[in-house]
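What follows is one structure encoded as structure tokens, with my remarks underneath.
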Amino acid sequence: MSDAVAGEVADPAGSSAGDPDAPEVNHWWRLIAIWVVLSAILDPLFYVFAGPHIPPGRMTDTAGGAQFDFNVLLVIALPVLLGVWIFLIYAIVMWRASRGGPDPVGGPAARGNLSLQVGWILTTTVIVMFLAGFGTYELVQPGGAGGGEGPSPIWTPASHTVLPVQVIAQQWKFTYRYPTYGGMETTTLVLPDHTSIAFHVTSLDVIHSFWAYQLGVKADANPAQDNVAFTTTQQTGSFIVRCSELCGIWHGAMYNSGEVVSPTAFQSWATSTESRLAANTKLLPPFSYTYIPDANGADGGLYPDNVDPYSKIQTYGATPAKPTPKG
Amino acid sequence: MSRQWKLAIAIGAFVIAALGVMFAVIALAKEPPTVNYAAGHQAGQPVDVTLQTVGAYGLAPHPTWVSYETRTPQGQWVHTTLWQVPAHTRINVTIYNYDSGSPLRNQQIGLVAGTIGDTATLNGKTIHLINSNAGNGVGHTFSIPTLGINVPLYGNNGNANLCAVAPCTTKSPHEIIKFSFESPGPGQYPWQCFVPCALGYLYGNGGPMQTIGYMDGFMKVVS
């Protein structure tokens with residue numbers, strides 16, 4: 001940056017040009033003043049009015065956490081964006097060549113400005129270091145931030161009453177097993193409001209990924225793996241579940257819908273669905289965290305691994321309504 | 001090498017590459033024919049769709065692949081899984097299953113769902129589900145996931161003399177599955193078999209399970 005911008009020499013094209021007695025304009029401080037004022041106005045306006053509408057919403061604590069993270073990043077990014085725009089617009093207005101005026105004359109060669117360079121490095125370092133620390137912390141809060149944590153999660157929800165729901169992916173659909181409701185398996189995901197959920201995500205064939213966008217939950221579905229992800233619902237409403245791992249011809253059609261309903265409505269739905277599906281539930285294998293299919297296809301029977309068919313510890317205190325026998 | 005030779009070689013290489021790309025595009029864009037059940041349809045009348053499944057298609061280019069076939073309104077069997085039906089119409093489906101069965105990888109798809117009454121008939125008998133661990137098991141399913149439709153197709157005895165060249169006739173061992181559903185609004189709805197029946201492919205879901213015209217297709221709904 002030239003010394004002229006730093007305000008150390010007289011304005012070459014501004015109001016003082018041609019009038020040696022006019023007071024020298026300090027463009028640097030003027031730019032900073034404009035930037036501070038606009039940032040102080042626009043940042044809070046953005047946070048208050050646009051912030052609540054930033055995806056993925058606040059249907060769960062993990063979705064709310066993601067929304068908060070996006071807002072923090074945007075609130076930090078906005079002044080940076082304003083700084084660039086203000087400088088460009090200011091330069092166009094103040095230092096453009098006027099029609100019919102003298103040809104532009106280059107200023108003195110830039111020899112560096114130590115304070116500006118140090119300030120720039122310090123500012124960007126602080127921003128990047130803060131974002132690294134903030135991002136790392138937010139990646140695990142709350143309860144793993146809705147990401148898959150593998151079979152032995154480190155970050156768990158504070159609540160001791162967690163509803164376990166198994167997500168079973170296969171080419172090309174998701175189904176859901178509720179071990180505390182007799183192990184019934186459904187094609188739609190229904191969850192009670194204001195409840196901590198433990199998703200146990202697994203696959204019967206290739207790698208898929210369970211992505212409930214509005215819930216702020218995303219966890220890989222790997223064959224023979226129990227990938228646990230947590231969230232706590234805090235609003236009723238509907239949501240979409242998609243596969244986010246390219247898994248074959250119908251990957252794009254591998255989606256279905258779900259709903260967060262009141263606890264009373266959930267209880268009613270779960271009880272009636274358990275009863276409606278009872279005949280088929282009897283034919284399902286005992287609930288297991290993983291299932292090992294026959295990789296050769298054709299006689300694709302479903303084989304529980306029988307290592308740990310049902311563990312009270314792994315459901316985080318939840319007790320199955322009808323304990324399934326160890327297979 | 002002279003300049004003319006270099007130019008000739010460059011042009012020749014370009015032409016060969018362009019032809020290769022053209023043939024690849026033509027091959028990829030080629031799709032099976034669409035059986036039109038919507039043509040001449042009278043409002044309020046149901047549409048009858050007839051399909052069959054065969055364990056081995058029997059003909060080139062993939063004689064060993066399992067496949068669906070579709071019967072035209074004129075009664076001719078066509079090797080395709082693309083068919084067109086009118087919107088908001090009762091669709092009566094009849095499937096002749098000529099393939100054997102097995103236990104399901106996930107018995108959840110043994111449940112009949114999304115059809116009128118959530119039922120189907122198997123050889124004239126009403127069913128709500130098929131226990132794939134009993135009898136001949138389930139050979140295939142007819143499923144339109146976006147509409148929540150799933151119908152398991154009971155398998156034939158694997159030791160019987162099963163049809164191995166499509167189209168099969170009712171002289172071969174077969175099971176007849178019938179069900180009905182209401183077609184939705186206009187659009188293209190993918191349908192598929194959920195049984196990993198592509199023998200020899202990883203997890204049974206490669207080859208015919210991922211090829212339009214075999215075990216996957218589209219129901220094209222028109223207004």
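Identifiers in this document derive from the order of the structure tokens: chains are assigned A, B, ..., residues are numbered from 1 separately in each chain, and ligands are numbered from 1 in order of occurrence.
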With the cut-off set at 7 Å and counting only C-alpha atoms, tabulate each residue of chain B with an atom at most that distance from an atom of chain A, showing the nearest atom pair and its distance in Å to one decimal, ordered by chain and increasing number, as a Markdown table.
```
| residue | atom | partner | partner_atom | distance |
| --- | --- | --- | --- | --- |
| B:Ser102 | CA | A:Asp299 | CA | 5.1 |
| B:Pro103 | CA | A:Gly301 | CA | 5.0 |
| B:Leu104 | CA | A:Gly301 | CA | 5.0 |
| B:Arg105 | CA | A:Gly301 | CA | 4.1 |
| B:Asn106 | CA | A:Leu302 | CA | 5.9 |
| B:Gln107 | CA | A:Leu284 | CA | 5.7 |
| B:Gln108 | CA | A:Glu185 | CA | 6.6 |
| B:Leu111 | CA | A:Asn280 | CA | 6.9 |
| B:Asn131 | CA | A:Leu283 | CA | 6.7 |
| B:Pro196 | CA | A:Gly297 | CA | 5.4 |
| B:Cys197 | CA | A:Ala298 | CA | 4.4 |
| B:Ala198 | CA | A:Ala298 | CA | 6.3 |
| B:Leu199 | CA | A:Ala298 | CA | 5.3 |
| B:Gly200 | CA | A:Asn296 | CA | 6.1 |
| B:Tyr201 | CA | A:Asn296 | CA | 6.7 |
| B:Leu202 | CA | A:Ala295 | CA | 6.1 |
| B:Tyr203 | CA | A:Ala295 | CA | 4.4 |
| B:Gly204 | CA | A:Gly297 | CA | 3.6 |
| B:Gln210 | CA | A:Ile249 | CA | 5.5 |
```
Worksheet entry | Expected answer as an MDAnalysis selection string: helix (DSSP H, G or I) residues in stretch 7-222 of chain B | chainID B and resid 7:29 107:110 116:118 145:147 202:204 207:210
Worksheet item: Do you know which residues are at most 12 Å from A:Thr124 counting only C-alpha atoms, after dropping those on the same chain fewer than 6 positions away, and could you put them as a list in words?
Response: Ile76, Ala77, Val80, Gln117, Val118, Phe130 and Leu131 of chain A
Worksheet entry | Members of stretch 66-304 of chain A assigned strand (DSSP E) by DSSP, as a VMD selection string | chain A and resid 162 to 170 173 to 178 184 to 186 189 to 192 196 to 203 208 to 212 217 to 221 227 to 232 237 to 243 255 to 261 291 to 293 302 to 304
Item to complete: With a distance cut-off of 8 Å and only C-alpha atoms, select the neighbouring residues of stretch 72-89 of chain B, excluding the residue or stretch itself and same-chain residues fewer than 4 positions from it, and output the selection as a PyMOL selection string.
Response: chain B and resi 32-38+41+43-47+50+68+167+182-186+212-223
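Across the structure, atom CA of A:Trp211 and atom CA of B:Gly114 are spaced 24.4 Å apart.
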Worksheet entry | Surrounding residues of A:Ala270 excluding itself and chain neighbours under 2 positions, 12 Å, only C-alpha atoms, as an MDAnalysis selection string | chainID A and resid 177:186 188:192 261:268 272:278 321
Residues from last step as file, N, CA and C atoms, as an mmCIF file, in the first residue's frame:
```
data_model
loop_
_atom_site.group_PDB
_atom_site.id
_atom_site.type_symbol
_atom_site.label_atom_id
_atom_site.label_comp_id
_atom_site.auth_asym_id
_atom_site.auth_seq_id
_atom_site.Cartn_x
_atom_site.Cartn_y
_atom_site.Cartn_z
ATOM 1 N N ARG A 177 -35.383 -48.468 13.440
ATOM 2 C CA ARG A 177 -35.818 -49.429 14.465
ATOM 3 C C ARG A 177 -35.855 -48.737 15.813
ATOM 4 N N TYR A 178 -36.906 -49.028 16.561
ATOM 5 C CA TYR A 178 -37.090 -48.452 17.896
ATOM 6 C C TYR A 178 -36.958 -49.586 18.910
ATOM 7 N N PRO A 179 -35.756 -49.789 19.474
ATOM 8 C CA PRO A 179 -35.573 -50.927 20.387
ATOM 9 C C PRO A 179 -36.419 -50.833 21.648
ATOM 10 N N THR A 180 -36.795 -49.629 22.050
ATOM 11 C CA THR A 180 -37.607 -49.515 23.266
ATOM 12 C C THR A 180 -39.092 -49.652 22.963
ATOM 13 N N TYR A 181 -39.421 -49.895 21.713
ATOM 14 C CA TYR A 181 -40.821 -50.164 21.346
ATOM 15 C C TYR A 181 -40.895 -51.506 20.614
ATOM 16 N N GLY A 182 -40.344 -52.494 21.258
ATOM 17 C CA GLY A 182 -40.430 -53.855 20.743
ATOM 18 C C GLY A 182 -39.535 -54.132 19.555
ATOM 19 N N GLY A 183 -38.683 -53.190 19.201
ATOM 20 C CA GLY A 183 -37.800 -53.399 18.054
ATOM 21 C C GLY A 183 -38.496 -53.219 16.720
ATOM 22 N N MET A 184 -39.623 -52.481 16.733
ATOM 23 C CA MET A 184 -40.348 -52.275 15.462
ATOM 24 C C MET A 184 -39.468 -51.503 14.479
ATOM 25 N N GLU A 185 -39.707 -51.769 13.191
ATOM 26 C CA GLU A 185 -38.924 -51.123 12.139
ATOM 27 C C GLU A 185 -39.881 -50.374 11.211
ATOM 28 N N THR A 186 -39.658 -49.076 11.058
ATOM 29 C CA THR A 186 -40.570 -48.236 10.284
ATOM 30 C C THR A 186 -39.834 -47.598 9.101
ATOM 31 N N THR A 188 -40.709 -44.351 8.269
ATOM 32 C CA THR A 188 -40.658 -42.913 8.568
ATOM 33 C C THR A 188 -40.069 -42.725 9.962
ATOM 34 N N LEU A 189 -39.386 -41.620 10.121
ATOM 35 C CA LEU A 189 -38.717 -41.330 11.389
ATOM 36 C C LEU A 189 -39.571 -40.335 12.176
ATOM 37 N N VAL A 190 -40.127 -40.794 13.279
ATOM 38 C CA VAL A 190 -40.941 -39.925 14.129
ATOM 39 C C VAL A 190 -40.239 -39.799 15.477
ATOM 40 N N LEU A 191 -40.114 -38.561 15.967
ATOM 41 C CA LEU A 191 -39.382 -38.299 17.212
ATOM 42 C C LEU A 191 -40.230 -37.432 18.138
ATOM 43 N N PRO A 192 -40.081 -37.646 19.453
ATOM 44 C CA PRO A 192 -40.793 -36.785 20.397
ATOM 45 C C PRO A 192 -40.034 -35.483 20.625
ATOM 46 N N VAL A 261 -42.811 -34.582 16.855
ATOM 47 C CA VAL A 261 -44.165 -34.342 17.355
ATOM 48 C C VAL A 261 -44.126 -34.206 18.882
ATOM 49 N N SER A 262 -45.234 -33.830 19.453
ATOM 50 C CA SER A 262 -45.283 -33.699 20.915
ATOM 51 C C SER A 262 -45.075 -35.070 21.548
ATOM 52 N N PRO A 263 -44.572 -35.109 22.786
ATOM 53 C CA PRO A 263 -44.357 -36.415 23.435
ATOM 54 C C PRO A 263 -45.626 -37.260 23.500
ATOM 55 N N THR A 264 -46.766 -36.620 23.703
ATOM 56 C CA THR A 264 -48.027 -37.372 23.770
ATOM 57 C C THR A 264 -48.343 -37.986 22.407
ATOM 58 N N ALA A 265 -48.199 -37.161 21.363
ATOM 59 C CA ALA A 265 -48.475 -37.661 20.010
ATOM 60 C C ALA A 265 -47.489 -38.768 19.644
ATOM 61 N N PHE A 266 -46.248 -38.627 20.086
ATOM 62 C CA PHE A 266 -45.255 -39.665 19.786
ATOM 63 C C PHE A 266 -45.643 -40.982 20.455
ATOM 64 N N GLN A 267 -46.020 -40.876 21.720
ATOM 65 C CA GLN A 267 -46.389 -42.090 22.455
ATOM 66 C C GLN A 267 -47.552 -42.795 21.764
ATOM 67 N N SER A 268 -48.504 -41.993 21.330
ATOM 68 C CA SER A 268 -49.673 -42.554 20.643
ATOM 69 C C SER A 268 -49.249 -43.219 19.331
ATOM 70 N N SER A 272 -49.394 -47.325 18.586
ATOM 71 C CA SER A 272 -50.232 -47.864 17.503
ATOM 72 C C SER A 272 -49.373 -48.513 16.418
ATOM 73 N N THR A 273 -48.220 -47.917 16.130
ATOM 74 C CA THR A 273 -47.352 -48.491 15.094
ATOM 75 C C THR A 273 -46.770 -49.822 15.561
ATOM 76 N N GLU A 274 -46.394 -49.889 16.822
ATOM 77 C CA GLU A 274 -45.866 -51.149 17.360
ATOM 78 C C GLU A 274 -46.905 -52.255 17.214
ATOM 79 N N SER A 275 -48.156 -51.883 17.472
ATOM 80 C CA SER A 275 -49.230 -52.863 17.370
ATOM 81 C C SER A 275 -49.480 -53.243 15.903
ATOM 82 N N ARG A 276 -49.479 -52.225 15.020
ATOM 83 C CA ARG A 276 -49.757 -52.466 13.599
ATOM 84 C C ARG A 276 -48.673 -53.327 12.951
ATOM 85 N N LEU A 277 -47.425 -53.127 13.391
ATOM 86 C CA LEU A 277 -46.304 -53.845 12.761
ATOM 87 C C LEU A 277 -45.925 -55.124 13.504
ATOM 88 N N ALA A 278 -46.698 -55.456 14.529
ATOM 89 C CA ALA A 278 -46.294 -56.565 15.413
ATOM 90 C C ALA A 278 -46.024 -57.860 14.643
ATOM 91 N N ALA A 321 -38.697 -51.690 26.295
ATOM 92 C CA ALA A 321 -40.025 -52.043 26.789
ATOM 93 C C ALA A 321 -40.165 -53.554 26.890
#
```
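Nearest residue to B:Val165, choosing from B:Ile91, B:Leu129, B:Ala134, B:Leu59 and counting only C-alpha atoms: B:Leu59.
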